[in-house]
>>> print(open('start21.cif').read())   # mmCIF, C-alpha atoms
data_query
loop_
_atom_site.group_PDB
_atom_site.id
_atom_site.type_symbol
_atom_site.label_atom_id
_atom_site.label_comp_id
_atom_site.auth_asym_id
_atom_site.auth_seq_id
_atom_site.Cartn_x
_atom_site.Cartn_y
_atom_site.Cartn_z
ATOM 1 C CA MET A 1 105.271 101.055 54.939
ATOM 2 C CA SER A 2 105.912 101.390 58.671
ATOM 3 C CA GLN A 3 103.969 103.836 60.780
ATOM 4 C CA GLU A 4 105.499 105.958 63.494
ATOM 5 C CA THR A 5 104.293 106.069 67.070
ATOM 6 C CA LYS A 6 102.418 109.287 67.752
ATOM 7 C CA PHE A 7 101.042 108.374 71.207
ATOM 8 C CA LYS A 8 102.105 106.060 74.014
ATOM 9 C CA VAL A 9 99.037 105.052 76.017
ATOM 10 C CA ASN A 10 99.054 103.197 79.349
ATOM 11 C CA ILE A 11 96.832 100.161 79.849
ATOM 12 C CA TYR A 12 95.093 99.809 83.198
ATOM 13 C CA PRO A 13 92.630 97.366 84.753
ATOM 14 C CA SER A 14 89.003 98.475 84.639
ATOM 15 C CA VAL A 15 86.937 98.679 87.782
ATOM 16 C CA LYS A 16 83.975 97.486 85.744
ATOM 17 C CA PRO A 17 84.746 95.807 82.391
ATOM 18 C CA LYS A 18 83.578 97.799 79.365
ATOM 19 C CA LYS A 19 81.217 96.255 76.826
ATOM 20 C CA VAL A 20 82.914 95.100 73.648
ATOM 21 C CA PRO A 21 80.849 94.958 70.431
ATOM 22 C CA LYS A 22 80.360 91.468 69.003
ATOM 23 C CA ILE A 23 81.932 92.521 65.694
ATOM 24 C CA VAL A 24 85.188 93.359 67.499
ATOM 25 C CA SER A 25 85.204 90.059 69.419
ATOM 26 C CA ASP A 26 84.559 88.105 66.220
ATOM 27 C CA GLU A 27 87.308 89.971 64.374
ATOM 28 C CA LEU A 28 89.871 89.082 67.049
ATOM 29 C CA LYS A 29 88.944 85.399 67.497
ATOM 30 C CA GLY A 30 92.032 84.033 65.735
ATOM 31 C CA ALA A 31 94.419 86.752 66.914
ATOM 32 C CA ALA A 32 94.522 85.736 70.587
ATOM 33 C CA SER A 33 93.696 82.773 72.792
ATOM 34 C CA ALA A 34 90.449 82.655 74.762
ATOM 35 C CA LYS A 35 92.378 83.154 78.007
ATOM 36 C CA ALA A 36 94.146 86.250 76.669
ATOM 37 C CA MET A 37 90.868 87.651 75.291
ATOM 38 C CA SER A 38 89.222 87.166 78.676
ATOM 39 C CA ARG A 39 92.055 89.064 80.379
ATOM 40 C CA MET A 40 92.039 91.856 77.792
ATOM 41 C CA LYS A 41 88.266 92.374 78.254
ATOM 42 C CA LYS A 42 89.056 93.552 81.784
ATOM 43 C CA GLU A 43 91.524 96.236 80.633
ATOM 44 C CA SER A 44 90.990 99.802 79.392
ATOM 45 C CA VAL A 45 92.934 102.665 77.826
ATOM 46 C CA ASP A 46 92.350 106.409 77.586
ATOM 47 C CA CYS A 47 92.232 106.754 73.808
ATOM 48 C CA PRO A 48 93.977 109.965 72.662
ATOM 49 C CA VAL A 49 92.183 109.848 69.289
ATOM 50 C CA VAL A 50 88.559 109.736 70.505
ATOM 51 C CA LYS A 51 89.418 111.442 73.833
ATOM 52 C CA ARG A 52 87.670 108.931 76.090
ATOM 53 C CA GLU A 53 88.136 105.633 77.876
ATOM 54 C CA VAL A 54 87.697 102.580 75.651
ATOM 55 C CA ALA A 55 88.021 98.836 76.205
ATOM 56 C CA PHE A 56 91.449 97.499 75.316
ATOM 57 C CA LEU A 57 89.957 95.078 72.769
ATOM 58 C CA VAL A 58 88.532 98.043 70.845
ATOM 59 C CA CYS A 59 91.998 99.632 70.914
ATOM 60 C CA PHE A 60 93.588 96.330 69.832
ATOM 61 C CA ALA A 61 91.270 96.082 66.806
ATOM 62 C CA CYS A 62 91.720 99.774 65.877
ATOM 63 C CA PRO A 63 93.624 100.580 62.648
ATOM 64 C CA SER A 64 95.872 102.977 64.625
ATOM 65 C CA PHE A 65 97.093 100.218 66.985
ATOM 66 C CA LEU A 66 100.762 99.447 66.370
ATOM 67 C CA ARG A 67 101.965 97.315 69.294
ATOM 68 C CA ARG A 68 101.567 96.544 72.984
ATOM 69 C CA VAL A 69 104.733 96.331 75.074
ATOM 70 C CA SER A 70 104.942 96.149 78.886
ATOM 71 C CA GLY A 71 101.504 97.623 79.557
ATOM 72 C CA VAL A 72 101.897 100.452 77.031
ATOM 73 C CA VAL A 73 100.206 100.744 73.626
ATOM 74 C CA ASP A 74 101.950 102.475 70.731
ATOM 75 C CA CYS A 75 99.311 104.336 68.711
ATOM 76 C CA ALA A 76 99.734 105.837 65.236
ATOM 77 C CA GLY A 77 97.040 108.440 66.016
ATOM 78 C CA GLY A 78 95.112 108.019 62.778
ATOM 79 C CA GLN A 79 91.342 107.867 62.383
ATOM 80 C CA GLY A 80 90.728 105.812 65.512
ATOM 81 C CA PRO A 81 88.143 103.084 65.983
ATOM 82 C CA PRO A 82 84.862 103.255 64.048
ATOM 83 C CA GLN A 83 82.018 105.031 65.902
ATOM 84 C CA GLU A 84 79.873 101.872 66.061
ATOM 85 C CA TRP A 85 82.603 100.221 68.190
ATOM 86 C CA LEU A 86 82.335 102.926 70.860
ATOM 87 C CA LEU A 87 79.566 101.726 73.134
ATOM 88 C CA GLY A 88 78.323 103.960 75.963
#
>>> encode(input="start21.cif", output="structure tokens")
Amino acid sequence: MSQETKFKVNIYPSVKPKKVPKIVSDELKGAASAKAMSRMKKESVDCPVVKREVAFLVCFACPSFLRRVSGVVDCAGGQGPPQEWLLG
């Protein structure tokens, strides 16, 4: 079953990198190289589901994440990331 894109969200570099919960980092260990993970920790998105800025790694691990192409995330707009992933 393929999901349709509900939102297109731009990715931008963070002035100050956001904290990423350890559970998210552990979940993504095999999905990307250490160099890519380090770069993605310094990026953010304005999440349309939770209506606030979140770290890109939280977006990447979210069940609504579909794909990332040319600095834009396609989001299915479902439930969004779990509340415990959204650090202050």
>>> resolve_selection(input="start21.cif", expression="the PyMOL selection byres ((chain A and resi 56) around 10)", output="list of chain:residue names")
A:Ile11, A:Tyr12, A:Pro13, A:Ser14, A:Pro17, A:Lys18, A:Val20, A:Met37, A:Arg39, A:Met40, A:Lys41, A:Lys42, A:Glu43, A:Ser44, A:Val45, A:Asp46, A:Cys47, A:Glu53, A:Val54, A:Ala55, A:Leu57, A:Val58, A:Cys59, A:Phe60, A:Ala61, A:Cys62, A:Val73
>>> atom_distance(input="start21.cif", atom1="CA of Glu27 (chain A)", atom2="CA of Cys75 (chain A)")
19.2 Å
>>> atom_distance(input="start21.cif", atom1="CA of Ser38 (chain A)", atom2="CA of Gln83 (chain A)")
23.1 Å
>>> atom_distance(input="start21.cif", atom1="CA of Lys8 (chain A)", atom2="CA of Ser25 (chain A)")
23.7 Å
>>> residues_around(input="start21.cif", residues="Thr5 (chain A)", least_positions_apart="4", cutoff="9 Å", atoms="only C-alpha atoms", output="PyMOL selection string")
chain A and resi 66+74-77
>>> axis_aligned_box(input="start21.cif", around="region 54-61 of chain A", padding_each_side="3 Å", output="lines of an AutoDock Vina configuration file")
center_x = 90.6
center_y = 98.8
center_z = 71.5
size_x = 11.9
size_y = 13.5
size_z = 15.4
>>> closest_residue(input="start21.cif", among="A:Ile23, A:Lys29, A:Val9, A:Gln3", to="Ser70 (chain A)", atoms="only C-alpha atoms")
A:Val9
>>> closest_residue(input="start21.cif", among="A:Gln79, A:Ser64, A:Pro48, A:Glu84", to="Asn10 (chain A)", atoms="all atoms listed in the file")
A:Pro48
>>> closest_residue(input="start21.cif", among="A:Leu86, A:Gly30, A:Lys16, A:Val24", to="Arg52 (chain A)", atoms="only C-alpha atoms")
A:Leu86
